[in-house]
Amino acid sequence: MTSILTARWLLPITSPPIDGGAVAIENELILEIGNLQELQKRYPDASVRDFGNCAILPGLVNVHTHLELTVFRGRLEESHFQSWIRRLITLKAERLTTDDLMLSARLGCIESIRSGVTTLADTSDSSGPIIALIESGLRGSIFQEVFGPDELQAGSSLEGLKARLDAHAERLNSAGREAQNRITVGVSPHAPYSVSAKLYQAVARLALDQKLDVAIHAAESADEAALLRDGGGAFGESLHRREIRFDPPGCSTIGYFDRLGVLDTSPLLIHCVTIDESDIALMAAKKARVAHCPKSNAKFGHGVAPLNLLRQAGLPVGLGTDSAASNNNLDLIEEARFCSMIARAERKDAAVCSADEMLRMMTIDGARTLGIDHTIGSIEPGKQADLIVVDLNNPHNLPSYDPATAIIFSSSGRDVIMTMVAGRVLYSDGLVSSIDEKLVGEQILEIQNRL
């Protein structure tokens with residue numbers, strides 16, 4: 001059955017906005033775009049839903065999340081990053097069960113759906129996020145984390161990673177073809193301070209052999225840079241206290257990854273705050289990709305990633321919210337606004353990061369960063385019908401002379417009134433249809449009491 005969605009604005013992203021635009025959908029695919037009258041002539045039997053003074057645009061792509069950490073929103077407000085990590089690990093181990101982490105991931109999925117995110121790349125340690133993602137109807141990539149800073153742990157860590165990957169494959173097989181079409185699985189050797197050189201090399205070989213995508217937290221902080229430079233900083237002190245040997249390579253994180261063969265996987269590098277032009281040249285040569293998480297980086301006081309240099313080098317860069325534990329929300333529209341503002345402030349140039357550029361960054365550029373821009377990220381015939389509708393009727397959006405400006409500089413995820421993935425409506429009329437919001441909310445409050 002063919003259906004048509006129409007609104008005051010249709011924003012295909014890869015082509016100009018259409019005033020009075022419409023999109024025709026059949027099953028999970030986009031058939032055609034144009035103005036409403038044209039499409040009604042071509043598809044006279046199609047049902048029509050008119051959203052009025054709204055904007056229809058592609059579903060948003062969040063290239064870095066930690067859904068299982070959503071329950072820590074506002075609980076971990078330590079001012080030092082290393083202390084934040086230590087507290088997170090302690091609370092997670094001592095207070096939360098596997099079921100709690102699954103509920104946390106469900107909450108993150110609900111928040112994502114409500115704020116117009118249709119695709120996300122989640123870096124996770126537990127099974128909760130893939131279970132929640134299957135249930136939710138969202139599209140995404142699950143990057144299974146692996147840890148092991150001591151080289152003596154490398155073998156057992158790798159075997160544990162393989163077992164988790166096998167379990168994920170079984171879950172997807174049991175879920176059926178529809179879920180398999182939406183969800184992929186990759187690996188995430190966490191960060192230089194939590195993964196030994198030997199384990200990095202082993203995971204890189206596994207990823208290349210099995211054609212697995214790779215995501216890594218990289219060049220995030222000054223403490224990480226100090227660890228690699230001379231074994232110092234907070235991470236160096238932590239490893240020393242635990243009597244874990246680390247031989248500093250005396251180079252940048254990116255140079256270290258190159259020496260280990262990790263860059264040969266063309267990884268998704270998360271954060272990239274402390275990189276320089278030589279790092280960027282190396283990343284470009286190895287076809288790396290970048291998850292830019294400006295709010296999380298700013299909240300921890302880590303700094304601002306050199307977005308302009310990354311884009312000038314042709315590197316795919318998408319927007320990520322990071323976790324609700326560090327952001328403190330998963331609102332990608334808010335992330336895009338903050339990204340633009342902080343880039344302009346840092347460069348003292350109001351011409352950078354325009355509204356149109358930000359729209360691209362959280363749609364087609366995000367899809368390109370995840371390697372799925374042939375499938376999603378723009379409204380084009382033949383692509384998946386991953387669509388959202390943003391309401392422009394609210395007082396903070398009136399008047400709206402330009403839809404891109406209204407969305408990026410006036411709106412938030414709370415203005416999203418419809419979210420669709422592969423032709424299936426996941427959110428409409430104020431309700432998420434794929435997950436029981438009321439039940440999850442009640443269960444999260446129980447976890448909050450324990451935390």
# chains A, B, ... in the order shown; residues from 1 in each chain; ligands from 1
$ closest_atom_pairs --of "stretch 279-396 of chain A" --to "stretch 137-150 of chain A" --cutoff "12 Å" --atoms "only C-alpha atoms" --output "JSON lines"
{"residue": "A:Gly366", "atom": "CA", "partner": "A:Gly140", "partner_atom": "CA", "distance": 11.7}
{"residue": "A:Ala367", "atom": "CA", "partner": "A:Gly140", "partner_atom": "CA", "distance": 10.5}
{"residue": "A:Thr369", "atom": "CA", "partner": "A:Ser141", "partner_atom": "CA", "distance": 11.8}
{"residue": "A:Leu370", "atom": "CA", "partner": "A:Ser141", "partner_atom": "CA", "distance": 8.4}
{"residue": "A:Gly371", "atom": "CA", "partner": "A:Ser141", "partner_atom": "CA", "distance": 10.7}
{"residue": "A:Ile372", "atom": "CA", "partner": "A:Gly140", "partner_atom": "CA", "distance": 10.2}
{"residue": "A:Thr375", "atom": "CA", "partner": "A:Arg139", "partner_atom": "CA", "distance": 11.2}
{"residue": "A:Ile376", "atom": "CA", "partner": "A:Arg139", "partner_atom": "CA", "distance": 9.9}
{"residue": "A:Gly377", "atom": "CA", "partner": "A:Arg139", "partner_atom": "CA", "distance": 11.8}
{"residue": "A:Gln384", "atom": "CA", "partner": "A:Arg139", "partner_atom": "CA", "distance": 10.6}
{"residue": "A:Ala385", "atom": "CA", "partner": "A:Arg139", "partner_atom": "CA", "distance": 11.5}
{"residue": "A:Asp386", "atom": "CA", "partner": "A:Arg139", "partner_atom": "CA", "distance": 9.0}
{"residue": "A:Leu387", "atom": "CA", "partner": "A:Leu138", "partner_atom": "CA", "distance": 11.7}
$ residues_around --residues "stretch 283-287 of chain A" --least-positions-apart "3" --cutoff "12 Å" --atoms "only C-alpha atoms" --output "count of residues only"
36
$ select_by_dssp --residues "stretch 287-364 of chain A" --states "helix (DSSP H, G or I)" --output "JSON, numbers by chain"
{"A": [294, 295, 296, 297, 298, 299, 307, 308, 309, 310, 311, 312, 332, 333, 334, 335, 336, 337, 338, 339, 340, 341, 342, 343, 344, 345, 346, 347, 355, 356, 357, 358, 359, 360, 361, 364]}
$ closest_residue --among "A:Ala234, A:Leu359, A:Ala350, A:Ala404" --to "A:Leu319" --atoms "only C-alpha atoms"
A:Leu359
$ select_by_dssp --residues "stretch 85-133 of chain A" --states "strand (DSSP E or B)" --output "ChimeraX atom specification"
/A:117-124
$ atom_distance --atom1 "atom CA of A:Asp223" --atom2 "atom CA of A:Phe235"
6.3 Å
$ residues_around --residues "stretch 61-73 of chain A" --least-positions-apart "2" --cutoff "6 Å" --atoms "only C-alpha atoms" --output "number ranges by chain"
A: 75, 101, 104-105, 108, 117, 119-124, 291, 318-320, 322-325, 328, 362-363, 366
$ write_last_selection --atoms "N, CA and C atoms" --output "tab-separated table (two decimals), in the first residue's frame"
chain	number	residue	atom	x	y	z
A	75	ARG	N	23.79	11.41	37.60
A	75	ARG	CA	24.31	10.72	38.79
A	75	ARG	C	25.82	10.84	38.91
A	101	LEU	N	20.70	-2.90	33.10
A	101	LEU	CA	21.37	-2.30	31.94
A	101	LEU	C	20.49	-2.39	30.70
A	104	SER	N	17.96	0.35	31.09
A	104	SER	CA	18.63	1.61	30.80
A	104	SER	C	18.71	1.83	29.30
A	105	ALA	N	19.04	0.77	28.57
A	105	ALA	CA	19.12	0.86	27.11
A	105	ALA	C	17.75	1.11	26.49
A	108	GLY	N	17.05	4.70	26.79
A	108	GLY	CA	17.79	5.43	25.77
A	108	GLY	C	17.15	5.32	24.40
A	117	VAL	N	15.86	10.52	16.39
A	117	VAL	CA	16.99	9.68	15.97
A	117	VAL	C	16.42	8.35	15.47
A	119	THR	N	18.71	6.18	13.58
A	119	THR	CA	19.87	5.30	13.49
A	119	THR	C	20.88	5.73	14.54
A	120	LEU	N	21.46	4.75	15.23
A	120	LEU	CA	22.50	5.09	16.21
A	120	LEU	C	23.60	4.04	16.20
A	121	ALA	N	24.79	4.48	16.58
A	121	ALA	CA	25.93	3.59	16.74
A	121	ALA	C	26.22	3.52	18.23
A	122	ASP	N	25.97	2.36	18.82
A	122	ASP	CA	26.08	2.22	20.26
A	122	ASP	C	27.30	1.41	20.64
A	123	THR	N	28.08	1.95	21.56
A	123	THR	CA	29.25	1.26	22.09
A	123	THR	C	28.87	0.73	23.46
A	124	SER	N	28.89	-0.60	23.62
A	124	SER	CA	28.34	-1.18	24.83
A	124	SER	C	29.09	-2.42	25.27
A	291	ALA	N	33.57	10.39	15.01
A	291	ALA	CA	32.35	10.70	15.76
A	291	ALA	C	32.64	11.94	16.59
A	318	GLY	N	30.48	12.56	11.66
A	318	GLY	CA	29.09	12.59	12.09
A	318	GLY	C	28.98	13.09	13.51
A	319	LEU	N	27.77	13.43	13.92
A	319	LEU	CA	27.53	13.93	15.28
A	319	LEU	C	27.12	12.79	16.20
A	320	GLY	N	27.70	12.80	17.41
A	320	GLY	CA	27.31	11.84	18.43
A	320	GLY	C	26.99	12.56	19.72
A	322	ASP	N	27.26	10.96	22.67
A	322	ASP	CA	27.87	10.21	23.77
A	322	ASP	C	26.73	9.76	24.68
A	323	SER	N	27.01	9.40	25.92
A	323	SER	CA	25.97	8.85	26.78
A	323	SER	C	25.19	9.95	27.50
A	324	ALA	N	24.00	9.58	27.97
A	324	ALA	CA	23.24	10.50	28.82
A	324	ALA	C	23.95	10.72	30.15
A	325	ALA	N	24.89	9.85	30.49
A	325	ALA	CA	25.66	10.00	31.72
A	325	ALA	C	26.65	11.16	31.64
A	328	ASN	N	23.76	15.77	29.15
A	328	ASN	CA	23.05	14.68	29.78
A	328	ASN	C	21.79	14.25	29.02
A	362	MET	N	23.99	15.79	10.73
A	362	MET	CA	23.24	14.82	11.55
A	362	MET	C	22.33	13.92	10.71
A	363	THR	N	22.49	13.99	9.38
A	363	THR	CA	21.72	13.09	8.50
A	363	THR	C	22.68	12.37	7.53
A	366	GLY	N	26.25	11.75	8.82
A	366	GLY	CA	26.26	10.69	9.82
A	366	GLY	C	26.14	9.32	9.17
$ residues_around --residues "A:Ile379" --least-positions-apart "6" --cutoff "9 Å" --atoms "only C-alpha atoms" --output "PyMOL selection string"
chain A and resi 10-15+23+30+32-33+57-58+385-387
$ atom_distance --atom1 "atom CA of A:Asn394" --atom2 "atom CA of A:Ala55"
12.8 Å
$ residues_around --residues "A:Leu88" --least-positions-apart "2" --cutoff "10 Å" --atoms "only C-alpha atoms" --output "PyMOL selection string"
chain A and resi 69+72+75-76+82-86+90-93+325
$ write_last_selection --atoms "C-alpha atoms" --output "PDB file, in the first residue's frame"
ATOM      1  CA  LEU A  69      24.466   4.182  30.669  1.00  0.00           C
ATOM      2  CA  PHE A  72      23.327   7.370  35.107  1.00  0.00           C
ATOM      3  CA  ARG A  75      24.305  10.720  38.792  1.00  0.00           C
ATOM      4  CA  LEU A  76      27.965  11.081  37.759  1.00  0.00           C
ATOM      5  CA  GLN A  82      39.332   9.693  35.471  1.00  0.00           C
ATOM      6  CA  SER A  83      37.297   9.964  38.684  1.00  0.00           C
ATOM      7  CA  TRP A  84      34.109   9.883  36.593  1.00  0.00           C
ATOM      8  CA  ILE A  85      35.199   6.644  34.934  1.00  0.00           C
ATOM      9  CA  ARG A  86      36.205   5.056  38.253  1.00  0.00           C
ATOM     10  CA  THR A  90      32.089   0.957  40.670  1.00  0.00           C
ATOM     11  CA  LEU A  91      28.383   1.808  40.535  1.00  0.00           C
ATOM     12  CA  LYS A  92      27.811  -0.331  37.453  1.00  0.00           C
ATOM     13  CA  ALA A  93      29.436  -3.364  39.066  1.00  0.00           C
ATOM     14  CA  ALA A 325      25.665  10.000  31.723  1.00  0.00           C
TER      15      ALA A 325
END
